[in-house]
Each structure stands twice: as structure tokens, then as C-alpha cells.
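Following: one structure in C-alpha cells, then a few remarks.
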Amino acid sequence: MVTIKEIAKAVGVSSGTVSRVLNYDQTLSISEPKRQAIIETAEALNYATPRARRNAQLPPLQIAMANHADVSARIAVIHFLAPNEELVDPYYVGVRLAIEARCREYKIEIAKVFNPDVPVDLSLLAGLSAAIIVGHHPRAEIEAMARICPQLIMADYNPRMPQFDCVRADLGEATVNILDSLDQAGYRRIGFVGGYELMDNDALMHGEQRCKAFIEWHEARGRYRPDLLALGQSERFGQNLRLETGYQQARTLLALPERPDAIVAANDNMAIGTYRAIQEAGLSIPNDIAVVAFNDIPVAQFLVPPLSTMRIPGELIGEAAVDLMVERLNGRDYSKHVTIPTQMVWRGSTRKP
């Protein structure tokens, strides 16, 4: 097995640089040709992450499933992010790479890949065995795809259409866990920075799981303050927009006569924007205000102070989506909804509960 050290030697950089490039650390200052050389060298040498090496052999049950799967199966992957948007979001990169790797293990061909830059041509779905849909898609679009390709698997999204398999993390429960922990740590004025999307021509301001759970948690305790909820609008959140939204919405919260003593950001990129707003205001994290977020992208541990964040295992979501699809191809005729657990990672941006 090739190692990071061997890749570093081949390219002429440090092992740390290779590690940060392969973990999609966008804060790393490196030329694009050098970054590309690292990626291409890793591919050429068949580099596998430690996790991939541990998973080199499928468990017996999955070996049996793979042996009985239709090896001629051809599927589509339908992503809600364009390639340039996904590339700067390590979480969704992990989901996609896990889908691709699992399909290779099962000898399933990904025949078509669709994203906002390559809109779904329904005619191209005809004859495919199944499709994995990643992220949010309008209900009408899902229904249209299902008429052509009935086997649809939802990854990182629950469209509330019980006939389809889906796998995701319970972000509502994760939000409650964060709020309980912040409350135990003594934080009382907790703000929320997030966004809302236009879906099916309808803008549900407070419909997103994390936002909804935030409101309900505070209402149940008689502590809900609408002014501590700061949301920005977007149809699709790329990294830059997430950073800017986090920055602008955090500024709104910091301008309140009684500012929050903690901010929950809907994802790590928004938390980075929140850091900037707090620092520009001359405040200290966590002495003046705490910050906590979701996803645990690689850069979270390198912020100053390191970011406390809820780890959402995108790779496991991608793998489980393929496993569900294989079960369907093997004859399962009822739907499954799978919830992948999250894990809180406490770092220096908050007091620990």
C-alpha cells in the first residue's frame, strides 16, 4: 500500500501538504498545478485512505449480496450540487466518493451522472437499473424520474415520500443534542445562523431540520426569541455563499442590543464566516461568544480556536445508499429509511458541557 509519505516524496512536498490536499483543505496555500500533481500522483499510485484499507474486504453478508447482484446493473447518480460547488464541500465529496467506491465493490456501473450543470434528461434514465439521488430535489422532479426509473434511493435527503428508500443523519436530533449540551455548559442566549431554500416554488422559512429543531427546543422552554434566528436565502449553497451567509447573518446577531452568548451555525462553512464577524467585532471565541456547527470538515480542527462541530459521516451515508440499492436490485419490495448516527466533537470554540 502506498503511503502519504511516498506521495510527498514523488511530488516534492511535505507529508502534511499531501494530507491537507487529499482532505480538501481549502485554507492551504498551494499552486493549482502542485495540487493537481498531488491528486494525480495519489490516483496513479492507487493510494487508499486508512479507512478504505480497513474496508478492503466486504463483510460476509455484503459479499453474498454482491455475488447475487446483477453485475450488469447500470445506474445513475443525480446530485444537487454542480461539480465546482461539490469540490469545495468535503462533506459531499465524501458522499460521492463512497458511492463510487461501493459501486466498484459490487461491480455496478455508474452509467450517468447528473447535476445542475447537466440537467436530468428523463429519456437517459430509461433502461437503467436504479438511481441514487444526492441532496435536495423538488418533489415533482422526483416523481417524474420515478416514472422512468422506479428504483430511486435518496442519499442525505428525506423527501417524505415513503415509497422510496432513504439514508440520512437525523439533523433535528443532532441539533437538540447540541442545544442540550450548550445549556448544560451554561449558555442561555443561543443564536442560530442558517439558510432556507426555495423548493417546489415554496419558501418555508423555518422548515429546515436544524432550524425547526432550534425553534421547537426554545419554545418548549419558553425561551424562543425570533431575533436570535438569522437566515439567508439561497437556492443552492456553494462554499462562498455559505461563508458570506454565515458572516452576514452573524453580524446581524452581533448587532443586537443583547447579543447571543453562543451561535449555532448550520454547517462548518457558515461557522467560518461567523468567526470572521466575531473577530471583526473585537470579540473573543469562546470567552465572549461560543460557536458550534455541523459536518466536521477537515479545516474545522485548524481554525483558531478549533471548531466544536457535530460530525456527520458522509462516507457512511454514501455506502449505505448503495447497500440499499443492492437490496432493491436483489428483490426487496418494501422501502427502508436508514438513519446514520452523528457524533459531537468538542473543541476550543465552546465550553464543554
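By convention in this document, the chains of the C-alpha cells carry letters A, B, ... by their order, each chain's residues are numbered from 1, and ligands are numbered from 1 in the order they are shown.
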Practice problem: Would you mind listing what lies within 7 Å of Ala82 (chain A) as a list of chain:residue names, with only C-alpha atoms counted and same-chain residues fewer than 6 positions away left out? | Solution: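 After dropping sequence-adjacent residues, the list is A:Asn115, A:Pro116, A:Asp117.
With only C-alpha atoms taken into account, the protein and nucleic acid residues at most 12 Å from Glu258 (chain A) (excluding it and anything under 6 positions from it in its own chain) are Arg188, Arg189, Ile190, Gly191, Arg225, Asp227, Leu228 and Thr252 of chain A.
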Quiz item: Between A:Ala185, A:Leu329, A:Ile312, A:Ala146, which has the minimum distance to Arg74 (chain A) (counting only C-alpha atoms)?
Solution: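 Looking at the shortest contact to Arg74 (chain A), the residue is A:Leu329.
Rounded to one decimal, CA of Ala174 (chain A) and CA of Pro83 (chain A) lie 27.9 Å from each other.
Every protein or nucleic acid residue with an atom no more than 8 Å from Ser181 (chain A), counting only C-alpha atoms and leaving out same-chain residues fewer than 4 positions away, appears here: A:Asn177, A:Ala185, A:Lys352, A:Pro353.
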Quiz item: Do you know which residues are at most 12 Å from Ser129 (chain A) counting only C-alpha atoms, after dropping those on the same chain fewer than 3 positions away, and could you put them as a ChimeraX atom specification?
Solution: /A:69-77,108-112,124-126,132,146,148-153,325-326,328-330
Exercise. Compare A:Gly194, A:Pro226, A:Pro298, A:Gly331 by their minimum atom-to-atom distance to Asn267 (chain A), counting only C-alpha atoms, and give me the closest one.
Key: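 Closest to Asn267 (chain A), using only C-alpha atoms: A:Gly194.
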Practice problem: Per DSSP on the backbone, filter region 136-217 of chain A down to the residues in strand (DSSP E or B) and report them as a PyMOL selection string. | Solution: chain A and resi 152-155+165-168+190-196+198-199+202-203
Exercise. Report the distance between CA of Glu40 (chain A) and CA of Asn269 (chain A) in Å, rounded to one decimal place.
Key: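 Separating CA of Glu40 (chain A) from CA of Asn269 (chain A) is a distance of 26.6 Å.
CA of Glu141 (chain A) is found 15.1 Å from CA of Gln163 (chain A).
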Exercise. May I ask which of the residues A:Gly246, A:Gly127, A:Gly172, A:Gly318 is the closest one to Ala213 (chain A), counting only C-alpha atoms?
Key: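 Checking each candidate against Ala213 (chain A), we get A:Gly172 as the closest.
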Quiz item: For Tyr106 (chain A), which residue out of A:Thr339, A:Ala169, A:Glu319, A:Phe214 is the nearest one, using only C-alpha atoms?
Solution: A:Glu319
